[in-house]
file coords_10.txt (compact mmCIF, N, CA, C and O atoms)
# COMPACT_ATOMS: atom_id res chain seq x y z
N MET S 1 -12.59 15.67 13.42
CA MET S 1 -11.84 14.67 12.68
C MET S 1 -10.98 15.32 11.60
O MET S 1 -10.15 14.67 11.01
N SER S 2 -11.15 16.59 11.35
CA SER S 2 -10.40 17.25 10.28
C SER S 2 -8.91 17.34 10.57
O SER S 2 -8.11 17.46 9.65
N ASN S 3 -8.51 17.28 11.84
CA ASN S 3 -7.09 17.33 12.18
C ASN S 3 -6.53 15.95 12.49
O ASN S 3 -5.44 15.84 13.04
N TYR S 4 -7.27 14.92 12.15
CA TYR S 4 -6.82 13.56 12.41
C TYR S 4 -5.64 13.20 11.51
O TYR S 4 -5.62 13.52 10.32
N LYS S 5 -4.65 12.53 12.08
CA LYS S 5 -3.53 11.99 11.32
C LYS S 5 -3.34 10.54 11.74
O LYS S 5 -3.31 10.24 12.93
N PRO S 6 -3.21 9.63 10.76
CA PRO S 6 -3.06 8.22 11.10
C PRO S 6 -1.65 7.92 11.61
O PRO S 6 -0.72 8.72 11.41
N LYS S 7 -1.52 6.78 12.24
CA LYS S 7 -0.19 6.30 12.58
C LYS S 7 0.47 5.88 11.28
O LYS S 7 -0.15 5.24 10.43
N VAL S 8 1.73 6.25 11.09
CA VAL S 8 2.48 5.88 9.89
C VAL S 8 3.74 5.15 10.33
O VAL S 8 4.46 5.62 11.22
N ILE S 9 3.96 4.00 9.70
CA ILE S 9 5.12 3.20 10.06
C ILE S 9 5.91 2.83 8.81
O ILE S 9 5.44 2.98 7.69
N GLU S 10 7.11 2.35 9.04
CA GLU S 10 7.88 1.71 8.00
C GLU S 10 7.90 0.24 8.38
O GLU S 10 8.21 -0.11 9.53
N GLY S 11 7.51 -0.64 7.48
CA GLY S 11 7.43 -2.05 7.81
C GLY S 11 7.87 -2.94 6.68
O GLY S 11 7.70 -2.61 5.50
N LYS S 12 8.46 -4.07 7.04
CA LYS S 12 8.89 -5.06 6.06
C LYS S 12 7.76 -6.06 5.85
O LYS S 12 7.21 -6.59 6.81
N ILE S 13 7.45 -6.32 4.59
CA ILE S 13 6.31 -7.16 4.22
C ILE S 13 6.77 -8.60 4.02
O ILE S 13 7.82 -8.85 3.44
N SER S 14 5.96 -9.54 4.51
CA SER S 14 6.25 -10.96 4.28
C SER S 14 4.96 -11.77 4.28
O SER S 14 3.95 -11.35 4.84
N GLY S 15 5.00 -12.91 3.61
CA GLY S 15 3.90 -13.86 3.66
C GLY S 15 2.67 -13.52 2.85
O GLY S 15 1.63 -14.14 3.04
N THR S 16 2.75 -12.55 1.95
CA THR S 16 1.57 -12.19 1.15
C THR S 16 1.51 -12.94 -0.17
O THR S 16 0.48 -12.97 -0.81
N ASP S 17 2.65 -13.48 -0.59
CA ASP S 17 2.80 -14.10 -1.93
C ASP S 17 2.66 -13.07 -3.04
O ASP S 17 2.37 -13.42 -4.18
N TRP S 18 2.85 -11.81 -2.71
CA TRP S 18 2.88 -10.74 -3.70
C TRP S 18 4.33 -10.30 -3.90
O TRP S 18 5.18 -10.53 -3.04
N PRO S 19 4.62 -9.64 -5.01
CA PRO S 19 5.99 -9.17 -5.26
C PRO S 19 6.56 -8.25 -4.17
O PRO S 19 7.78 -8.11 -4.07
N ILE S 20 5.71 -7.66 -3.33
CA ILE S 20 6.21 -6.75 -2.28
C ILE S 20 6.84 -7.49 -1.11
O ILE S 20 7.47 -6.86 -0.26
N ASP S 21 6.68 -8.82 -1.03
CA ASP S 21 7.31 -9.56 0.06
C ASP S 21 8.81 -9.28 0.08
O ASP S 21 9.47 -9.30 -0.96
N GLY S 22 9.32 -9.00 1.28
CA GLY S 22 10.74 -8.71 1.44
C GLY S 22 11.08 -7.24 1.32
O GLY S 22 12.21 -6.84 1.61
N HIS S 23 10.12 -6.43 0.91
CA HIS S 23 10.36 -4.99 0.74
C HIS S 23 9.85 -4.22 1.96
O HIS S 23 8.93 -4.63 2.64
N THR S 24 10.49 -3.08 2.19
CA THR S 24 10.07 -2.18 3.26
C THR S 24 9.22 -1.07 2.64
O THR S 24 9.65 -0.42 1.68
N LEU S 25 8.02 -0.89 3.18
CA LEU S 25 7.07 0.11 2.68
C LEU S 25 6.63 1.02 3.80
O LEU S 25 6.72 0.67 4.97
N ARG S 26 6.12 2.20 3.45
CA ARG S 26 5.48 3.09 4.41
C ARG S 26 3.99 2.74 4.42
O ARG S 26 3.36 2.65 3.37
N LEU S 27 3.47 2.54 5.62
CA LEU S 27 2.09 2.10 5.79
C LEU S 27 1.39 2.95 6.84
O LEU S 27 2.03 3.45 7.76
N SER S 28 0.09 3.10 6.69
CA SER S 28 -0.68 3.87 7.67
C SER S 28 -1.71 2.97 8.34
O SER S 28 -2.12 1.95 7.78
N LEU S 29 -2.09 3.35 9.54
CA LEU S 29 -3.06 2.61 10.34
C LEU S 29 -4.13 3.61 10.78
O LEU S 29 -3.81 4.62 11.41
N TRP S 30 -5.40 3.33 10.45
CA TRP S 30 -6.49 4.29 10.62
C TRP S 30 -7.53 3.82 11.62
O TRP S 30 -7.85 2.64 11.68
N ASP S 31 -8.11 4.77 12.32
CA ASP S 31 -9.19 4.42 13.26
C ASP S 31 -10.50 4.08 12.55
O ASP S 31 -11.29 3.32 13.05
N TYR S 32 -10.75 4.63 11.33
CA TYR S 32 -12.04 4.40 10.68
C TYR S 32 -12.28 2.93 10.35
O TYR S 32 -13.43 2.52 10.23
N ASP S 33 -11.22 2.13 10.20
CA ASP S 33 -11.44 0.69 9.98
C ASP S 33 -11.00 -0.12 11.21
O ASP S 33 -10.70 -1.30 11.11
N LYS S 34 -10.99 0.55 12.35
CA LYS S 34 -10.69 -0.08 13.64
C LYS S 34 -9.30 -0.70 13.68
O LYS S 34 -9.09 -1.70 14.35
N TYR S 35 -8.35 -0.09 12.94
CA TYR S 35 -6.94 -0.52 12.95
C TYR S 35 -6.78 -1.98 12.53
O TYR S 35 -5.88 -2.67 12.98
N GLU S 36 -7.66 -2.46 11.66
CA GLU S 36 -7.66 -3.87 11.28
C GLU S 36 -6.61 -4.24 10.26
O GLU S 36 -6.27 -5.42 10.12
N ARG S 37 -6.10 -3.28 9.51
CA ARG S 37 -5.11 -3.57 8.46
C ARG S 37 -4.30 -2.32 8.16
O ARG S 37 -4.76 -1.20 8.41
N TYR S 38 -3.11 -2.54 7.62
CA TYR S 38 -2.29 -1.41 7.19
C TYR S 38 -2.71 -1.00 5.78
O TYR S 38 -3.10 -1.82 4.96
N HIS S 39 -2.59 0.30 5.52
CA HIS S 39 -2.88 0.86 4.20
C HIS S 39 -1.56 1.33 3.59
O HIS S 39 -0.76 1.97 4.27
N LEU S 40 -1.37 1.02 2.32
CA LEU S 40 -0.16 1.46 1.64
C LEU S 40 -0.11 2.98 1.63
O LEU S 40 -1.08 3.64 1.24
N TYR S 41 1.00 3.53 2.09
CA TYR S 41 1.14 4.98 2.25
C TYR S 41 2.25 5.55 1.38
O TYR S 41 2.21 6.70 0.99
N GLY S 42 3.26 4.72 1.09
CA GLY S 42 4.36 5.18 0.25
C GLY S 42 5.42 4.10 0.16
O GLY S 42 5.36 3.08 0.84
N TRP S 43 6.41 4.35 -0.70
CA TRP S 43 7.47 3.36 -0.89
C TRP S 43 8.70 4.05 -1.45
O TRP S 43 8.65 5.16 -1.97
N SER S 44 9.82 3.34 -1.32
CA SER S 44 11.10 3.86 -1.81
C SER S 44 11.27 3.54 -3.29
O SER S 44 10.53 2.72 -3.85
N VAL S 45 12.24 4.17 -3.90
CA VAL S 45 12.57 3.90 -5.30
C VAL S 45 12.91 2.41 -5.47
O VAL S 45 12.52 1.79 -6.46
N GLU S 46 13.59 1.84 -4.48
CA GLU S 46 13.99 0.43 -4.55
C GLU S 46 12.79 -0.51 -4.59
O GLU S 46 12.87 -1.60 -5.16
N ALA S 47 11.69 -0.11 -3.99
CA ALA S 47 10.49 -0.96 -3.94
C ALA S 47 9.51 -0.68 -5.09
O ALA S 47 8.52 -1.40 -5.24
N GLU S 48 9.79 0.31 -5.90
CA GLU S 48 8.85 0.76 -6.95
C GLU S 48 8.40 -0.38 -7.87
O GLU S 48 7.20 -0.55 -8.11
N GLN S 49 9.32 -1.15 -8.40
CA GLN S 49 8.97 -2.23 -9.33
C GLN S 49 8.08 -3.27 -8.64
O GLN S 49 7.07 -3.70 -9.20
N ALA S 50 8.42 -3.65 -7.42
CA ALA S 50 7.62 -4.63 -6.69
C ALA S 50 6.22 -4.11 -6.40
O ALA S 50 5.24 -4.85 -6.49
N VAL S 51 6.11 -2.82 -6.05
CA VAL S 51 4.80 -2.22 -5.79
C VAL S 51 3.97 -2.22 -7.07
O VAL S 51 2.80 -2.60 -7.08
N MET S 52 4.59 -1.82 -8.19
CA MET S 52 3.87 -1.80 -9.46
C MET S 52 3.37 -3.20 -9.83
O MET S 52 2.20 -3.38 -10.18
N GLU S 53 4.23 -4.19 -9.70
CA GLU S 53 3.84 -5.56 -10.03
C GLU S 53 2.72 -6.05 -9.10
O GLU S 53 1.79 -6.73 -9.54
N THR S 54 2.80 -5.69 -7.83
CA THR S 54 1.77 -6.09 -6.87
C THR S 54 0.43 -5.44 -7.22
O THR S 54 -0.62 -6.09 -7.16
N MET S 55 0.45 -4.18 -7.59
CA MET S 55 -0.80 -3.50 -7.97
C MET S 55 -1.41 -4.17 -9.20
O MET S 55 -2.63 -4.38 -9.26
N PHE S 56 -0.58 -4.53 -10.17
CA PHE S 56 -1.09 -5.20 -11.36
C PHE S 56 -1.72 -6.55 -10.99
O PHE S 56 -2.86 -6.85 -11.38
N VAL S 57 -1.01 -7.35 -10.21
CA VAL S 57 -1.50 -8.68 -9.82
C VAL S 57 -2.80 -8.57 -9.03
O VAL S 57 -3.79 -9.26 -9.34
N THR S 58 -2.83 -7.72 -8.03
CA THR S 58 -4.01 -7.66 -7.16
C THR S 58 -5.22 -7.04 -7.87
O THR S 58 -6.34 -7.49 -7.68
N GLU S 59 -4.99 -6.02 -8.70
CA GLU S 59 -6.12 -5.44 -9.44
C GLU S 59 -6.64 -6.43 -10.48
O GLU S 59 -7.85 -6.50 -10.71
N THR S 60 -5.75 -7.19 -11.10
CA THR S 60 -6.17 -8.20 -12.08
C THR S 60 -7.00 -9.27 -11.39
O THR S 60 -8.08 -9.65 -11.87
N GLU S 61 -6.52 -9.76 -10.23
CA GLU S 61 -7.26 -10.79 -9.48
C GLU S 61 -8.63 -10.30 -9.04
O GLU S 61 -9.58 -11.08 -8.99
N ALA S 62 -8.74 -9.01 -8.74
CA ALA S 62 -10.02 -8.44 -8.30
C ALA S 62 -10.93 -8.06 -9.47
O ALA S 62 -12.05 -7.62 -9.26
N GLY S 63 -10.43 -8.19 -10.68
CA GLY S 63 -11.22 -7.84 -11.85
C GLY S 63 -11.32 -6.34 -12.08
O GLY S 63 -12.22 -5.86 -12.76
N LEU S 64 -10.37 -5.57 -11.51
CA LEU S 64 -10.41 -4.12 -11.61
C LEU S 64 -9.38 -3.53 -12.56
O LEU S 64 -9.42 -2.34 -12.84
N CYS S 65 -8.44 -4.34 -13.04
CA CYS S 65 -7.34 -3.81 -13.83
C CYS S 65 -7.81 -3.41 -15.23
O CYS S 65 -8.54 -4.16 -15.89
N LEU S 66 -7.39 -2.24 -15.66
CA LEU S 66 -7.77 -1.74 -16.98
C LEU S 66 -6.84 -2.23 -18.08
O LEU S 66 -7.09 -1.98 -19.25
N TYR S 67 -5.76 -2.94 -17.72
CA TYR S 67 -4.75 -3.37 -18.68
C TYR S 67 -4.61 -4.89 -18.68
O TYR S 67 -4.76 -5.53 -17.64
N ASP S 68 -4.33 -5.44 -19.85
CA ASP S 68 -4.27 -6.89 -20.00
C ASP S 68 -2.92 -7.50 -19.62
O ASP S 68 -2.84 -8.66 -19.26
N THR S 69 -1.85 -6.71 -19.75
CA THR S 69 -0.52 -7.24 -19.48
C THR S 69 0.24 -6.33 -18.52
O THR S 69 -0.06 -5.13 -18.42
N LEU S 70 1.24 -6.91 -17.85
CA LEU S 70 2.09 -6.11 -16.97
C LEU S 70 2.82 -5.03 -17.77
O LEU S 70 2.96 -3.90 -17.29
N GLU S 71 3.23 -5.35 -18.97
CA GLU S 71 3.93 -4.37 -19.81
C GLU S 71 3.04 -3.16 -20.10
O GLU S 71 3.49 -2.02 -20.03
N GLU S 72 1.79 -3.42 -20.43
CA GLU S 72 0.84 -2.34 -20.70
C GLU S 72 0.59 -1.53 -19.43
O GLU S 72 0.55 -0.30 -19.45
N PHE S 73 0.44 -2.24 -18.30
CA PHE S 73 0.24 -1.57 -17.01
C PHE S 73 1.45 -0.68 -16.71
O PHE S 73 1.29 0.46 -16.28
N ALA S 74 2.65 -1.21 -16.93
CA ALA S 74 3.89 -0.46 -16.65
C ALA S 74 3.97 0.81 -17.49
O ALA S 74 4.44 1.85 -17.00
N GLU S 75 3.49 0.76 -18.72
CA GLU S 75 3.50 1.95 -19.58
C GLU S 75 2.65 3.07 -19.00
O GLU S 75 2.91 4.25 -19.23
N HIS S 76 1.63 2.72 -18.25
CA HIS S 76 0.70 3.70 -17.69
C HIS S 76 0.89 3.91 -16.19
O HIS S 76 0.09 4.62 -15.56
N TRP S 77 1.93 3.33 -15.62
CA TRP S 77 2.15 3.37 -14.18
C TRP S 77 2.22 4.80 -13.65
O TRP S 77 1.67 5.10 -12.59
N GLU S 78 2.89 5.70 -14.34
CA GLU S 78 3.07 7.07 -13.84
C GLU S 78 1.75 7.81 -13.65
O GLU S 78 1.60 8.60 -12.73
N GLU S 79 0.76 7.53 -14.51
CA GLU S 79 -0.54 8.23 -14.36
C GLU S 79 -1.61 7.33 -13.75
O GLU S 79 -2.76 7.75 -13.57
N TRP S 80 -1.26 6.11 -13.38
CA TRP S 80 -2.21 5.16 -12.81
C TRP S 80 -2.76 5.68 -11.49
O TRP S 80 -2.07 6.28 -10.69
N GLU S 81 -4.05 5.45 -11.29
CA GLU S 81 -4.73 5.78 -10.03
C GLU S 81 -5.36 4.50 -9.51
O GLU S 81 -6.05 3.79 -10.25
N PRO S 82 -5.17 4.18 -8.24
CA PRO S 82 -5.75 2.94 -7.70
C PRO S 82 -7.27 3.00 -7.66
O PRO S 82 -7.86 4.07 -7.58
N GLU S 83 -7.87 1.82 -7.68
CA GLU S 83 -9.32 1.72 -7.62
C GLU S 83 -9.84 1.83 -6.19
O GLU S 83 -11.03 1.87 -5.97
N GLY S 84 -8.95 1.82 -5.23
CA GLY S 84 -9.32 1.92 -3.82
C GLY S 84 -8.08 1.87 -2.95
O GLY S 84 -6.97 1.98 -3.46
N SER S 85 -8.25 1.70 -1.66
CA SER S 85 -7.11 1.58 -0.74
C SER S 85 -6.50 0.20 -0.88
O SER S 85 -7.21 -0.80 -0.95
N PHE S 86 -5.17 0.15 -0.90
CA PHE S 86 -4.48 -1.13 -0.91
C PHE S 86 -4.11 -1.48 0.52
O PHE S 86 -3.40 -0.71 1.18
N CYS S 87 -4.61 -2.59 1.01
CA CYS S 87 -4.42 -2.95 2.42
C CYS S 87 -3.61 -4.22 2.57
O CYS S 87 -3.66 -5.11 1.71
N ILE S 88 -2.88 -4.28 3.68
CA ILE S 88 -2.04 -5.42 4.00
C ILE S 88 -2.41 -5.87 5.42
O ILE S 88 -2.44 -5.05 6.34
N PRO S 89 -2.66 -7.17 5.62
CA PRO S 89 -2.99 -7.65 6.97
C PRO S 89 -1.88 -7.34 7.97
O PRO S 89 -0.69 -7.38 7.62
N LEU S 90 -2.26 -7.05 9.19
CA LEU S 90 -1.29 -6.70 10.24
C LEU S 90 -0.23 -7.77 10.41
O LEU S 90 0.95 -7.46 10.62
N GLU S 91 -0.63 -9.04 10.32
CA GLU S 91 0.33 -10.13 10.55
C GLU S 91 1.38 -10.26 9.45
O GLU S 91 2.35 -11.00 9.62
N ASN S 92 1.22 -9.55 8.33
CA ASN S 92 2.18 -9.60 7.24
C ASN S 92 3.17 -8.44 7.27
O ASN S 92 3.91 -8.23 6.31
N VAL S 93 3.18 -7.69 8.37
CA VAL S 93 4.05 -6.51 8.47
C VAL S 93 4.90 -6.60 9.73
O VAL S 93 4.38 -6.76 10.83
N ASN S 94 6.21 -6.48 9.54
CA ASN S 94 7.14 -6.38 10.66
C ASN S 94 7.49 -4.90 10.80
O ASN S 94 8.18 -4.35 9.94
N VAL S 95 6.99 -4.26 11.83
CA VAL S 95 7.21 -2.82 12.02
C VAL S 95 8.67 -2.56 12.33
O VAL S 95 9.22 -3.10 13.30
N LEU S 96 9.31 -1.72 11.51
CA LEU S 96 10.71 -1.36 11.70
C LEU S 96 10.88 -0.02 12.38
O LEU S 96 11.81 0.19 13.13
N ALA S 97 9.95 0.91 12.08
CA ALA S 97 10.04 2.26 12.66
C ALA S 97 8.67 2.92 12.61
O ALA S 97 7.89 2.69 11.70
N VAL S 98 8.40 3.76 13.60
CA VAL S 98 7.20 4.59 13.61
C VAL S 98 7.61 5.96 13.09
O VAL S 98 8.49 6.61 13.66
N ILE S 99 6.99 6.38 12.01
CA ILE S 99 7.30 7.67 11.40
C ILE S 99 6.43 8.77 11.99
O ILE S 99 6.88 9.89 12.18
N GLN S 100 5.17 8.42 12.26
CA GLN S 100 4.24 9.39 12.83
C GLN S 100 3.26 8.66 13.74
O GLN S 100 2.68 7.66 13.35
N GLU S 101 3.11 9.15 14.94
CA GLU S 101 2.10 8.60 15.86
C GLU S 101 0.73 9.13 15.44
O GLU S 101 0.63 10.21 14.88
N GLU S 102 -0.31 8.37 15.73
CA GLU S 102 -1.66 8.81 15.45
C GLU S 102 -1.96 10.09 16.24
O GLU S 102 -1.56 10.21 17.40
N GLN S 103 -2.65 11.01 15.58
CA GLN S 103 -3.02 12.27 16.23
C GLN S 103 -4.52 12.50 16.03
O GLN S 103 -5.00 12.55 14.90
N LYS S 104 -5.22 12.62 17.14
CA LYS S 104 -6.65 12.91 17.11
C LYS S 104 -6.85 14.25 17.77
O LYS S 104 -6.43 14.45 18.90
N GLU S 105 -7.49 15.17 17.07
CA GLU S 105 -7.75 16.50 17.64
C GLU S 105 -9.19 16.89 17.43
O GLU S 105 -9.80 16.57 16.48

call {"tool": "encode", "arguments": {"input": "coords_10.txt", "output": "structure tokens"}}
result
Amino acid sequence: MSNYKPKVIEGKISGTDWPIDGHTLRLSLWDYDKYERYHLYGWSVEAEQAVMETMFVTETEAGLCLYDTLEEFAEHWEEWEPEGSFCIPLENVNVLAVIQEEQKE
């Protein structure tokens, strides 16, 4: 499993009610969770603000956010580390391109 690489796609997000709706993100699909959801893998400069706002909203809703306001969260965004994997349901992603096929060795 040490040479395993997940499938990586570029996909447009919709229907989540999060700020990332309408944005194109890089997402990965892994065998360890039986390909049940996409994992956030990366994003463009254009999507940065929406990703930051989404992380604040979702961590706050989960009771994991260390900051009380979006402004405070934004001040610490550069050194922020997520509390876990950020996942998006498959049905909320329109795949635009495959960047990397899954590789199992």

call {"tool": "residues_around", "arguments": {"input": "coords_10.txt", "residues": "segment 38-52 of chain S", "least_positions_apart": "4", "cutoff": "6 Å", "atoms": "all atoms listed in the file", "output": "NGL selection string"}}
result
:S and (19-20 or 24-29 or 56-57 or 86-90)

call {"tool": "select_by_dssp", "arguments": {"input": "coords_10.txt", "residues": "chain S", "states": "strand (DSSP E or B)", "output": "number ranges by chain"}}
result
S: 5, 7-13, 24-29, 37-43, 87-89, 93-100, 103

call {"tool": "atom_distance", "arguments": {"input": "coords_10.txt", "atom1": "atom CA of Leu96 of chain S", "atom2": "atom CA of Lys12 of chain S"}}
result
7.0 Å

call {"tool": "atom_distance", "arguments": {"input": "coords_10.txt", "atom1": "atom CA of Tyr67 of chain S", "atom2": "atom C of Thr16 of chain S"}}
result
21.8 Å

call {"tool": "residues_around", "arguments": {"input": "coords_10.txt", "residues": "Tyr4 of chain S", "least_positions_apart": "3", "cutoff": "10 Å", "atoms": "only C-alpha atoms", "output": "list of chain:residue names"}}
result
S:Met1, S:Lys7, S:Trp30, S:Asp31, S:Glu102, S:Gln103, S:Lys104, S:Glu105

call {"tool": "axis_aligned_box", "arguments": {"input": "coords_10.txt", "around": "segment 36-43 of chain S", "padding_each_side": "6 Å", "output": "JSON"}}
result
{"center_x": 0.5, "center_y": 0.6, "center_z": 4.8, "size_x": 28.4, "size_y": 24.1, "size_z": 25.6}

call {"tool": "atom_distance", "arguments": {"input": "coords_10.txt", "atom1": "atom CA of Glu101 of chain S", "atom2": "atom CA of Gly84 of chain S"}}
result
23.7 Å
